[in-house]
$ cat work_37.cif   # mmCIF, C-alpha atoms and all ligand atoms
data_run
#
loop_
_atom_site.group_PDB
_atom_site.id
_atom_site.type_symbol
_atom_site.label_atom_id
_atom_site.label_comp_id
_atom_site.auth_asym_id
_atom_site.auth_seq_id
_atom_site.Cartn_x
_atom_site.Cartn_y
_atom_site.Cartn_z
ATOM 1 C CA MET A 20 95.476 117.615 99.313
ATOM 2 C CA LYS A 21 95.292 117.443 95.517
ATOM 3 C CA ARG A 22 98.211 117.844 93.079
ATOM 4 C CA ILE A 23 97.069 120.090 90.268
ATOM 5 C CA LEU A 24 98.695 121.061 86.972
ATOM 6 C CA ILE A 25 97.312 124.297 85.494
ATOM 7 C CA ILE A 26 98.201 124.968 81.850
ATOM 8 C CA GLY A 27 97.560 128.544 80.770
ATOM 9 C CA ALA A 28 97.820 129.606 84.405
ATOM 10 C CA THR A 29 97.816 133.365 83.726
ATOM 11 C CA SER A 30 94.258 133.107 82.333
ATOM 12 C CA ALA A 31 91.860 135.049 84.565
ATOM 13 C CA ILE A 32 89.503 132.067 84.754
ATOM 14 C CA ALA A 33 92.380 129.676 85.605
ATOM 15 C CA GLU A 34 93.717 132.076 88.245
ATOM 16 C CA HIS A 35 90.336 132.141 90.002
ATOM 17 C CA CYS A 36 90.194 128.313 89.945
ATOM 18 C CA ALA A 37 93.722 128.274 91.395
ATOM 19 C CA ARG A 38 92.626 130.572 94.223
ATOM 20 C CA ILE A 39 89.926 128.073 95.250
ATOM 21 C CA TRP A 40 92.437 125.213 95.185
ATOM 22 C CA ALA A 41 95.021 127.296 97.076
ATOM 23 C CA ALA A 42 92.479 127.950 99.833
ATOM 24 C CA ARG A 43 92.014 124.168 100.084
ATOM 25 C CA GLY A 44 95.765 123.732 100.570
ATOM 26 C CA ASP A 45 96.357 121.965 97.250
ATOM 27 C CA ALA A 46 99.770 121.776 95.512
ATOM 28 C CA LEU A 47 99.858 123.672 92.210
ATOM 29 C CA HIS A 48 102.183 123.580 89.204
ATOM 30 C CA LEU A 49 101.559 126.591 86.970
ATOM 31 C CA VAL A 50 102.412 126.620 83.258
ATOM 32 C CA ALA A 51 102.307 129.915 81.338
ATOM 33 C CA ARG A 52 104.322 131.877 78.802
ATOM 34 C CA ASN A 53 104.605 135.154 80.738
ATOM 35 C CA GLU A 54 107.219 134.519 83.429
ATOM 36 C CA GLN A 55 106.714 137.764 85.340
ATOM 37 C CA HIS A 56 102.921 137.385 85.454
ATOM 38 C CA VAL A 57 103.023 133.742 86.540
ATOM 39 C CA GLN A 58 105.477 134.556 89.342
ATOM 40 C CA VAL A 59 103.111 137.229 90.700
ATOM 41 C CA ILE A 60 100.241 134.699 90.614
ATOM 42 C CA ALA A 61 102.426 132.014 92.264
ATOM 43 C CA SER A 62 103.347 134.339 95.171
ATOM 44 C CA ASP A 63 99.693 135.279 95.654
ATOM 45 C CA LEU A 64 98.601 131.611 95.672
ATOM 46 C CA LYS A 65 101.180 130.778 98.365
ATOM 47 C CA VAL A 66 99.749 133.535 100.549
ATOM 48 C CA ARG A 67 96.269 132.138 99.884
ATOM 49 C CA GLY A 68 97.281 128.761 101.354
ATOM 50 C CA ALA A 69 98.577 126.544 98.539
ATOM 51 C CA SER A 70 100.778 123.849 100.071
ATOM 52 C CA GLU A 71 103.268 124.265 97.204
ATOM 53 C CA VAL A 72 103.417 126.375 94.040
ATOM 54 C CA THR A 73 105.896 125.726 91.240
ATOM 55 C CA THR A 74 106.071 127.180 87.733
ATOM 56 C CA TYR A 75 107.199 126.329 84.202
ATOM 57 C CA CYS A 76 107.330 128.839 81.349
ATOM 58 C CA THR A 77 106.729 128.036 77.701
ATOM 59 C CA ASP A 78 104.735 129.189 74.704
ATOM 60 C CA LEU A 79 102.131 126.420 74.428
ATOM 61 C CA ASN A 80 102.267 126.571 70.647
ATOM 62 C CA ASP A 81 105.777 125.135 70.949
ATOM 63 C CA MET A 82 104.490 121.559 70.950
ATOM 64 C CA ASP A 83 108.018 120.109 70.991
ATOM 65 C CA LYS A 84 108.153 121.325 74.610
ATOM 66 C CA HIS A 85 104.995 119.522 75.752
ATOM 67 C CA GLU A 86 106.789 116.350 76.926
ATOM 68 C CA GLU A 87 109.253 118.482 78.899
ATOM 69 C CA LEU A 88 106.358 120.513 80.334
ATOM 70 C CA LEU A 89 104.744 117.319 81.648
ATOM 71 C CA SER A 90 108.035 116.051 83.056
ATOM 72 C CA SER A 91 108.389 119.355 84.928
ATOM 73 C CA ALA A 92 104.928 118.784 86.410
ATOM 74 C CA GLU A 93 105.804 115.226 87.495
ATOM 75 C CA ASP A 94 109.092 116.416 88.987
ATOM 76 C CA ALA A 95 107.298 119.140 90.932
ATOM 77 C CA LEU A 96 104.120 117.309 91.976
ATOM 78 C CA GLY A 97 105.020 113.618 91.806
ATOM 79 C CA GLU A 98 101.621 112.234 90.852
ATOM 80 C CA VAL A 99 99.157 114.549 89.116
ATOM 81 C CA ASP A 100 95.516 114.336 90.257
ATOM 82 C CA ILE A 101 93.946 117.114 88.192
ATOM 83 C CA VAL A 102 94.951 118.947 85.014
ATOM 84 C CA LEU A 103 93.255 122.171 83.891
ATOM 85 C CA ILE A 104 93.935 123.335 80.313
ATOM 86 C CA ALA A 105 92.873 126.977 80.063
ATOM 87 C CA HIS A 106 94.950 128.846 77.487
ATOM 88 C CA GLY A 107 93.344 130.415 74.437
ATOM 89 C CA THR A 108 93.034 133.511 72.267
ATOM 90 C CA LEU A 109 89.893 135.158 70.957
ATOM 91 C CA SER A 110 90.545 135.169 67.217
ATOM 92 C CA ASN A 111 90.053 138.284 65.121
ATOM 93 C CA GLN A 112 87.532 136.818 62.703
ATOM 94 C CA LYS A 113 87.823 139.605 60.122
ATOM 95 C CA SER A 114 91.611 139.452 59.833
ATOM 96 C CA CYS A 115 91.524 135.631 59.798
ATOM 97 C CA GLU A 116 89.248 135.812 56.744
ATOM 98 C CA LEU A 117 92.049 137.604 54.909
ATOM 99 C CA SER A 118 94.898 135.423 56.128
ATOM 100 C CA VAL A 119 95.322 131.655 55.971
ATOM 101 C CA GLU A 120 98.395 132.028 58.166
ATOM 102 C CA GLU A 121 96.484 133.811 60.945
ATOM 103 C CA THR A 122 93.568 131.366 60.689
ATOM 104 C CA LEU A 123 95.871 128.363 61.090
ATOM 105 C CA GLN A 124 97.724 130.067 63.957
ATOM 106 C CA GLU A 125 94.407 130.523 65.771
ATOM 107 C CA ILE A 126 93.467 126.880 65.175
ATOM 108 C CA GLN A 127 96.902 125.950 66.493
ATOM 109 C CA THR A 128 96.483 127.959 69.713
ATOM 110 C CA ASN A 129 92.846 127.111 70.395
ATOM 111 C CA ALA A 130 92.733 123.494 69.240
ATOM 112 C CA LEU A 131 95.943 121.739 68.184
ATOM 113 C CA SER A 132 98.079 122.746 71.175
ATOM 114 C CA SER A 133 95.352 121.460 73.527
ATOM 115 C CA ILE A 134 94.993 118.257 71.515
ATOM 116 C CA SER A 135 98.738 117.616 71.746
ATOM 117 C CA LEU A 136 98.600 118.115 75.529
ATOM 118 C CA LEU A 137 95.436 116.028 75.918
ATOM 119 C CA THR A 138 96.983 113.120 74.030
ATOM 120 C CA LEU A 139 100.128 113.069 76.172
ATOM 121 C CA ILE A 140 98.343 113.644 79.492
ATOM 122 C CA ALA A 141 95.592 111.116 78.740
ATOM 123 C CA ASN A 142 98.129 108.377 78.077
ATOM 124 C CA LYS A 143 99.931 109.103 81.340
ATOM 125 C CA LEU A 144 96.738 109.100 83.422
ATOM 126 C CA GLU A 145 95.394 106.030 81.612
ATOM 127 C CA ALA A 146 98.533 104.114 82.619
ATOM 128 C CA LYS A 147 97.829 105.036 86.277
ATOM 129 C CA ASN A 148 94.086 104.377 86.066
ATOM 130 C CA ARG A 149 93.206 107.651 87.752
ATOM 131 C CA GLY A 150 92.966 111.412 87.393
ATOM 132 C CA THR A 151 90.870 114.223 85.925
ATOM 133 C CA ILE A 152 91.557 116.409 82.893
ATOM 134 C CA CYS A 153 89.479 119.557 82.508
ATOM 135 C CA VAL A 154 89.588 121.659 79.343
ATOM 136 C CA ILE A 155 87.997 125.038 78.781
ATOM 137 C CA SER A 156 86.217 124.906 75.429
ATOM 138 C CA SER A 157 83.417 127.389 74.607
ATOM 139 C CA VAL A 158 79.768 127.709 73.666
ATOM 140 C CA ALA A 159 81.179 129.135 70.406
ATOM 141 C CA GLY A 160 82.013 125.537 69.416
ATOM 142 C CA ASP A 161 78.345 124.489 69.404
ATOM 143 C CA ARG A 162 77.509 126.089 66.044
ATOM 144 C CA GLY A 163 79.759 127.989 63.638
ATOM 145 C CA ARG A 164 78.596 131.574 63.209
ATOM 146 C CA ALA A 165 79.798 134.203 60.720
ATOM 147 C CA SER A 166 81.093 136.473 63.471
ATOM 148 C CA ASN A 167 83.536 133.982 65.058
ATOM 149 C CA TYR A 168 83.739 130.682 63.180
ATOM 150 C CA VAL A 169 87.552 130.429 63.301
ATOM 151 C CA TYR A 170 87.599 130.480 67.105
ATOM 152 C CA GLY A 171 84.332 128.487 67.189
ATOM 153 C CA SER A 172 85.598 125.707 64.947
ATOM 154 C CA ALA A 173 88.766 125.342 67.015
ATOM 155 C CA LYS A 174 86.666 125.008 70.174
ATOM 156 C CA ALA A 175 84.334 122.544 68.386
ATOM 157 C CA MET A 176 87.377 120.388 67.724
ATOM 158 C CA VAL A 177 88.331 120.464 71.407
ATOM 159 C CA THR A 178 84.763 119.568 72.421
ATOM 160 C CA ALA A 179 84.562 116.649 69.959
ATOM 161 C CA PHE A 180 88.051 115.426 70.859
ATOM 162 C CA THR A 181 87.278 115.429 74.589
ATOM 163 C CA SER A 182 83.969 113.638 73.933
ATOM 164 C CA GLY A 183 85.827 110.780 72.269
ATOM 165 C CA LEU A 184 88.605 110.796 74.837
ATOM 166 C CA ARG A 185 86.053 110.609 77.665
ATOM 167 C CA GLN A 186 84.460 107.543 76.113
ATOM 168 C CA ARG A 187 87.861 105.903 75.526
ATOM 169 C CA LEU A 188 89.031 106.494 79.112
ATOM 170 C CA TYR A 189 85.762 105.630 80.876
ATOM 171 C CA LYS A 190 86.990 102.162 81.883
ATOM 172 C CA SER A 191 90.359 103.560 83.008
ATOM 173 C CA ASN A 192 88.753 105.710 85.695
ATOM 174 C CA VAL A 193 90.097 108.895 84.097
ATOM 175 C CA SER A 194 87.553 111.733 83.946
ATOM 176 C CA ILE A 195 87.437 114.267 81.147
ATOM 177 C CA VAL A 196 85.568 117.468 81.978
ATOM 178 C CA THR A 197 84.689 119.868 79.144
ATOM 179 C CA ILE A 198 83.720 123.376 80.190
ATOM 180 C CA LYS A 199 81.686 125.550 77.831
ATOM 181 C CA PRO A 200 81.607 129.099 79.140
ATOM 182 C CA GLY A 201 79.467 131.802 77.582
ATOM 183 C CA PHE A 202 80.615 135.433 77.834
ATOM 184 C CA VAL A 203 83.106 135.976 80.665
ATOM 185 C CA ASP A 204 84.515 139.343 81.720
ATOM 186 C CA THR A 205 88.292 138.671 81.455
ATOM 187 C CA PRO A 206 91.260 140.267 79.628
ATOM 188 C CA MET A 207 90.248 138.189 76.581
ATOM 189 C CA THR A 208 87.026 140.181 76.245
ATOM 190 C CA THR A 209 88.303 143.661 77.152
ATOM 191 C CA GLY A 210 86.695 146.090 74.758
ATOM 192 C CA PHE A 211 83.386 144.208 74.571
ATOM 193 C CA ARG A 212 80.298 145.967 75.919
ATOM 194 C CA LYS A 213 79.124 143.847 78.861
ATOM 195 C CA GLY A 214 75.450 142.993 79.417
ATOM 196 C CA VAL A 215 73.175 140.630 81.355
ATOM 197 C CA LEU A 216 74.601 137.480 79.765
ATOM 198 C CA TRP A 217 78.096 138.216 81.078
ATOM 199 C CA ALA A 218 79.631 136.299 83.986
ATOM 200 C CA LYS A 219 82.566 137.131 86.239
ATOM 201 C CA PRO A 220 85.606 134.821 86.263
ATOM 202 C CA THR A 221 85.086 134.216 90.004
ATOM 203 C CA THR A 222 81.636 132.717 89.373
ATOM 204 C CA VAL A 223 82.875 130.693 86.407
ATOM 205 C CA ALA A 224 85.765 129.330 88.495
ATOM 206 C CA VAL A 225 83.398 128.118 91.226
ATOM 207 C CA SER A 226 81.423 126.167 88.579
ATOM 208 C CA ILE A 227 84.591 124.723 87.033
ATOM 209 C CA VAL A 228 85.972 123.494 90.362
ATOM 210 C CA LYS A 229 82.563 122.005 91.236
ATOM 211 C CA ALA A 230 82.406 120.248 87.826
ATOM 212 C CA ILE A 231 85.871 118.763 88.424
ATOM 213 C CA ASP A 232 84.957 117.667 91.971
ATOM 214 C CA LYS A 233 81.830 115.951 90.642
ATOM 215 C CA LYS A 234 83.615 114.540 87.564
ATOM 216 C CA LYS A 235 80.986 116.025 85.250
ATOM 217 C CA ALA A 236 81.271 115.424 81.495
ATOM 218 C CA GLU A 237 80.195 118.655 79.718
ATOM 219 C CA VAL A 238 79.204 121.734 81.641
ATOM 220 C CA TYR A 239 77.774 125.031 80.352
ATOM 221 C CA VAL A 240 78.862 127.959 82.530
ATOM 222 C CA PRO A 241 76.642 129.678 83.590
ATOM 223 C CA SER A 242 74.126 126.858 83.155
ATOM 224 C CA PHE A 243 71.547 128.991 81.244
ATOM 225 C CA TRP A 244 73.879 128.722 78.211
ATOM 226 C CA ARG A 245 72.717 125.128 77.731
ATOM 227 C CA LEU A 246 69.247 126.415 76.802
ATOM 228 C CA ILE A 247 70.603 129.294 74.703
ATOM 229 C CA MET A 248 72.841 126.958 72.705
ATOM 230 C CA LEU A 249 70.092 124.342 72.355
ATOM 231 C CA THR A 250 67.980 127.061 70.758
ATOM 232 C CA ILE A 251 70.808 128.312 68.515
ATOM 233 C CA ARG A 252 71.701 124.778 67.388
ATOM 234 C CA ASN A 253 68.070 124.155 66.432
ATOM 235 C CA ILE A 254 67.494 127.297 64.346
ATOM 236 C CA PRO A 255 66.655 125.931 60.877
ATOM 237 C CA ASN A 256 69.378 126.646 58.333
ATOM 238 C CA THR A 257 67.090 128.743 56.120
ATOM 239 C CA ILE A 258 66.582 131.179 59.015
ATOM 240 C CA PHE A 259 70.160 130.841 60.370
ATOM 241 C CA LEU A 260 71.587 132.025 57.023
ATOM 242 C CA ARG A 261 69.616 135.250 57.225
ATOM 243 C CA VAL A 262 70.232 136.266 60.848
ATOM 244 C CA LYS A 263 73.418 138.040 61.905
ATOM 245 C CA PHE A 264 74.962 137.428 65.350
HETATM 246 N N1 LIG A 301 86.401 135.105 78.355
HETATM 247 C C1 LIG A 301 85.398 134.523 77.693
HETATM 248 O O1 LIG A 301 84.350 135.133 77.366
HETATM 249 C C2 LIG A 301 85.514 133.049 77.311
HETATM 250 C C3 LIG A 301 84.358 132.406 76.831
HETATM 251 C C4 LIG A 301 84.452 131.062 76.467
HETATM 252 C C5 LIG A 301 85.640 130.381 76.607
HETATM 253 N N2 LIG A 301 86.756 131.041 77.099
HETATM 254 C C6 LIG A 301 87.987 130.282 77.188
HETATM 255 O O2 LIG A 301 88.442 130.329 78.529
HETATM 256 C C7 LIG A 301 89.863 130.114 78.553
HETATM 257 C C8 LIG A 301 90.503 131.130 79.465
HETATM 258 O O3 LIG A 301 90.348 132.426 78.916
HETATM 259 P P1 LIG A 301 90.142 133.737 79.821
HETATM 260 O O4 LIG A 301 88.760 134.215 79.587
HETATM 261 O O5 LIG A 301 90.578 133.449 81.204
HETATM 262 O O6 LIG A 301 91.078 134.773 79.084
HETATM 263 P P2 LIG A 301 92.535 135.347 79.427
HETATM 264 O O7 LIG A 301 92.577 135.855 80.816
HETATM 265 O O8 LIG A 301 92.841 136.277 78.317
HETATM 266 O O9 LIG A 301 93.442 134.048 79.352
HETATM 267 C C9 LIG A 301 93.930 133.489 78.179
HETATM 268 C C10 LIG A 301 95.271 132.917 78.539
HETATM 269 O O10 LIG A 301 95.787 132.121 77.467
HETATM 270 C C11 LIG A 301 97.174 132.341 77.435
HETATM 271 N N3 LIG A 301 97.738 131.979 76.142
HETATM 272 C C12 LIG A 301 97.255 132.287 74.927
HETATM 273 N N4 LIG A 301 98.064 131.781 73.979
HETATM 274 C C13 LIG A 301 99.078 131.153 74.636
HETATM 275 C C14 LIG A 301 100.223 130.454 74.206
HETATM 276 N N5 LIG A 301 100.499 130.274 72.918
HETATM 277 N N6 LIG A 301 101.057 129.940 75.141
HETATM 278 C C15 LIG A 301 100.790 130.119 76.456
HETATM 279 N N7 LIG A 301 99.719 130.775 76.921
HETATM 280 C C16 LIG A 301 98.874 131.284 76.016
HETATM 281 C C17 LIG A 301 97.320 133.815 77.717
HETATM 282 O O11 LIG A 301 98.646 134.087 78.095
HETATM 283 P P3 LIG A 301 99.261 135.576 78.026
HETATM 284 O O12 LIG A 301 98.692 136.287 79.218
HETATM 285 O O13 LIG A 301 100.723 135.335 78.103
HETATM 286 O O14 LIG A 301 98.808 136.172 76.729
HETATM 287 C C18 LIG A 301 96.317 133.993 78.852
HETATM 288 O O15 LIG A 301 96.883 133.680 80.082
HETATM 289 C C19 LIG A 301 90.316 130.178 77.081
HETATM 290 O O16 LIG A 301 90.475 128.872 76.593
HETATM 291 C C20 LIG A 301 89.139 130.852 76.386
HETATM 292 O O17 LIG A 301 89.073 130.500 75.019
HETATM 293 C C21 LIG A 301 86.699 132.343 77.458
#
$ encode --input "work_37.cif" --output "structure tokens"
Amino acid sequence: MKRILIIGATSAIAEHCARIWAARGDALHLVARNEQHVQVIASDLKVRGASEVTTYCTDLNDMDKHEELLSSAEDALGEVDIVLIAHGTLSNQKSCELSVEETLQEIQTNALSSISLLTLIANKLEAKNRGTICVISSVAGDRGRASNYVYGSAKAMVTAFTSGLRQRLYKSNVSIVTIKPGFVDTPMTTGFRKGVLWAKPTTVAVSIVKAIDKKKAEVYVPSFWRLIMLTIRNIPNTIFLRVKF
């Protein structure tokens, strides 16, 4: 039985990971800002077999609450074996271009709030010499593109931060797993026309849980995104400037 803290627990991807852990009989502490939604998920996870499900509600941009959030997890779970950080917003690139305030808010939600949590959680796990932290970044962080570089740059920061953190904590036996999903059919992408490159949150969750079990470092989900992003990263700048995607 694992003790798992899920931050951003109302995310569709996180909920599907939680269902897998519930079926294994794990104990779950769910952190989200929407109290009603997280309670519905908590009840469902109990029915699905979770040995214990507790909740804590906060807006994750309220970084002054992060210490309290982690204390709530320790109170509920005792030791924490696994942490999944899943919250995020898909930035409106066009309106960010017209507003510094909105741009910084998006960087706050998609990068700084996670970095605050990662710093606090990493220090706790380092002191215990054990544990796994998994963060959902994105393929969008691999190369800034005109259509979504605010969101992409925030995710790039998360990817680079977790790369350094992983190296720092290697000797402490703490694993850092960075997930880079491509397009996933969740509430975040409602309104997008779905095509062959799109994955379901159920499939993505299976890959995330497997990556955590195997203590992988960086995982593209689905795996074909590794090749797509390798290609995109290697497009020469002279061509990249002229293409639109
Ligand atoms: N869907 C994709 O195509 C895709 C691709 C690559 C990466 N990702 C990443 O995958 C992760 C999960 O997203 P998803 O696809 O599962 O989308 P989702 O279902 O829309 O989940 C996003 C979650 O983030 C929460 N959230 C946002 N801002 C928050 C805040 N300030 N405080 C607390 N919670 C906050 C939302 O809470 P509310 O419900 O209260 O708004 C929601 O539960 C995100 O990090 C996203 O960037 C998604």
$ resolve_selection --input "work_37.cif" --expression "the PyMOL selection byres (((not hetatm)) within 8 of (chain A and resi 301))" --output "short mmCIF file (atom, residue, chain, number, x, y, z; two decimals) with C-alpha atoms, keeping the file's coordinate frame"
data_model
loop_
_atom_site.label_atom_id
_atom_site.label_comp_id
_atom_site.auth_asym_id
_atom_site.auth_seq_id
_atom_site.Cartn_x
_atom_site.Cartn_y
_atom_site.Cartn_z
CA ILE A 26 98.20 124.97 81.85
CA GLY A 27 97.56 128.54 80.77
CA ALA A 28 97.82 129.61 84.40
CA THR A 29 97.82 133.36 83.73
CA SER A 30 94.26 133.11 82.33
CA ALA A 31 91.86 135.05 84.56
CA ILE A 32 89.50 132.07 84.75
CA ALA A 33 92.38 129.68 85.60
CA GLU A 34 93.72 132.08 88.24
CA VAL A 50 102.41 126.62 83.26
CA ALA A 51 102.31 129.92 81.34
CA ARG A 52 104.32 131.88 78.80
CA ASN A 53 104.60 135.15 80.74
CA HIS A 56 102.92 137.38 85.45
CA THR A 77 106.73 128.04 77.70
CA ASP A 78 104.74 129.19 74.70
CA LEU A 79 102.13 126.42 74.43
CA ASN A 80 102.27 126.57 70.65
CA ASP A 81 105.78 125.14 70.95
CA ILE A 104 93.94 123.34 80.31
CA ALA A 105 92.87 126.98 80.06
CA HIS A 106 94.95 128.85 77.49
CA GLY A 107 93.34 130.42 74.44
CA THR A 108 93.03 133.51 72.27
CA LEU A 109 89.89 135.16 70.96
CA THR A 128 96.48 127.96 69.71
CA ASN A 129 92.85 127.11 70.40
CA VAL A 154 89.59 121.66 79.34
CA ILE A 155 88.00 125.04 78.78
CA SER A 156 86.22 124.91 75.43
CA SER A 157 83.42 127.39 74.61
CA VAL A 158 79.77 127.71 73.67
CA ALA A 159 81.18 129.14 70.41
CA LYS A 174 86.67 125.01 70.17
CA LYS A 199 81.69 125.55 77.83
CA PRO A 200 81.61 129.10 79.14
CA GLY A 201 79.47 131.80 77.58
CA PHE A 202 80.61 135.43 77.83
CA VAL A 203 83.11 135.98 80.67
CA ASP A 204 84.52 139.34 81.72
CA THR A 205 88.29 138.67 81.46
CA PRO A 206 91.26 140.27 79.63
CA MET A 207 90.25 138.19 76.58
CA THR A 208 87.03 140.18 76.24
CA TRP A 217 78.10 138.22 81.08
CA PRO A 220 85.61 134.82 86.26
#
$ residues_around --input "work_37.cif" --residues "Arg162 in chain A" --least-positions-apart "2" --cutoff "12 Å" --atoms "only C-alpha atoms" --output "ChimeraX atom specification"
/A:157-160,164-176,178,247-254,256,259,264
$ atom_distance --input "work_37.cif" --atom1 "CA of Gly163 in chain A" --atom2 "CA of Ala224 in chain A"
25.6 Å
$ resolve_selection --input "work_37.cif" --expression "the PyMOL selection byres (((chain A and resi 144) around 12) and not hetatm)" --output "ChimeraX atom specification"
/A:89,93,98-102,137-143,145-152,184,188-189,191-195
$ closest_residue --input "work_37.cif" --among "A:Ser135, A:Ser70, A:Asn111, A:Ser118" --to "His85 in chain A" --atoms "all atoms listed in the file"
A:Ser135
$ closest_residue --input "work_37.cif" --among "A:Val59, A:Leu96, A:Leu47, A:Ile126" --to "Val72 in chain A" --atoms "only C-alpha atoms"
A:Leu47
$ atom_distance --input "work_37.cif" --atom1 "CA of Arg67 in chain A" --atom2 "CA of Gly97 in chain A"
22.0 Å
$ decode --input "work_37.cif" --residues "range 197-214 of chain A" --atoms "N, CA, C and O atoms" --output "short mmCIF file (atom, residue, chain, number, x, y, z; two decimals), in the first residue's frame"
data_model
loop_
_atom_site.label_atom_id
_atom_site.label_comp_id
_atom_site.auth_asym_id
_atom_site.auth_seq_id
_atom_site.Cartn_x
_atom_site.Cartn_y
_atom_site.Cartn_z
N THR A 197 9.38 13.35 -14.80
CA THR A 197 8.78 14.44 -15.58
C THR A 197 7.99 13.85 -16.73
O THR A 197 8.54 13.12 -17.56
N ILE A 198 6.70 14.16 -16.76
CA ILE A 198 5.83 13.63 -17.81
C ILE A 198 5.61 14.72 -18.85
O ILE A 198 5.27 15.86 -18.51
N LYS A 199 5.79 14.35 -20.12
CA LYS A 199 5.53 15.30 -21.21
C LYS A 199 4.43 14.74 -22.11
O LYS A 199 4.72 14.05 -23.09
N PRO A 200 3.18 15.07 -21.77
CA PRO A 200 2.11 14.60 -22.66
C PRO A 200 2.05 15.44 -23.93
O PRO A 200 2.45 16.61 -23.94
N GLY A 201 1.50 14.83 -24.98
CA GLY A 201 1.15 15.58 -26.19
C GLY A 201 -0.28 16.07 -26.02
O GLY A 201 -0.63 16.58 -24.96
N PHE A 202 -1.11 15.91 -27.06
CA PHE A 202 -2.52 16.34 -26.95
C PHE A 202 -3.33 15.30 -26.19
O PHE A 202 -3.33 14.13 -26.57
N VAL A 203 -4.04 15.74 -25.15
CA VAL A 203 -4.88 14.82 -24.38
C VAL A 203 -6.30 15.38 -24.32
O VAL A 203 -6.48 16.58 -24.07
N ASP A 204 -7.26 14.51 -24.54
CA ASP A 204 -8.67 14.91 -24.58
C ASP A 204 -9.22 15.05 -23.14
O ASP A 204 -9.69 14.09 -22.55
N THR A 205 -9.09 16.26 -22.58
CA THR A 205 -9.55 16.52 -21.20
C THR A 205 -10.30 17.86 -21.21
O THR A 205 -10.31 18.57 -22.22
N PRO A 206 -10.87 18.27 -20.09
CA PRO A 206 -11.55 19.58 -20.04
C PRO A 206 -10.63 20.73 -20.49
O PRO A 206 -11.11 21.73 -21.03
N MET A 207 -9.33 20.60 -20.29
CA MET A 207 -8.40 21.65 -20.69
C MET A 207 -8.43 21.90 -22.20
O MET A 207 -8.18 23.01 -22.67
N THR A 208 -8.75 20.87 -22.97
CA THR A 208 -8.69 20.99 -24.43
C THR A 208 -10.09 20.88 -25.06
O THR A 208 -10.21 20.57 -26.24
N THR A 209 -11.13 21.15 -24.26
CA THR A 209 -12.48 21.18 -24.83
C THR A 209 -12.47 22.27 -25.90
O THR A 209 -11.88 23.31 -25.72
N GLY A 210 -13.13 22.03 -26.99
CA GLY A 210 -13.17 23.08 -28.02
C GLY A 210 -12.13 22.87 -29.10
O GLY A 210 -12.20 23.51 -30.14
N PHE A 211 -11.14 22.00 -28.83
CA PHE A 211 -10.15 21.68 -29.88
C PHE A 211 -10.71 20.55 -30.75
O PHE A 211 -11.36 19.65 -30.24
N ARG A 212 -10.44 20.62 -32.05
CA ARG A 212 -10.83 19.51 -32.92
C ARG A 212 -9.83 18.37 -32.69
O ARG A 212 -8.63 18.59 -32.74
N LYS A 213 -10.34 17.18 -32.39
CA LYS A 213 -9.45 16.06 -32.04
C LYS A 213 -9.09 15.25 -33.29
O LYS A 213 -9.93 15.08 -34.16
N GLY A 214 -7.86 14.79 -33.34
CA GLY A 214 -7.40 14.00 -34.50
C GLY A 214 -6.59 12.80 -34.05
O GLY A 214 -6.64 12.42 -32.88
#
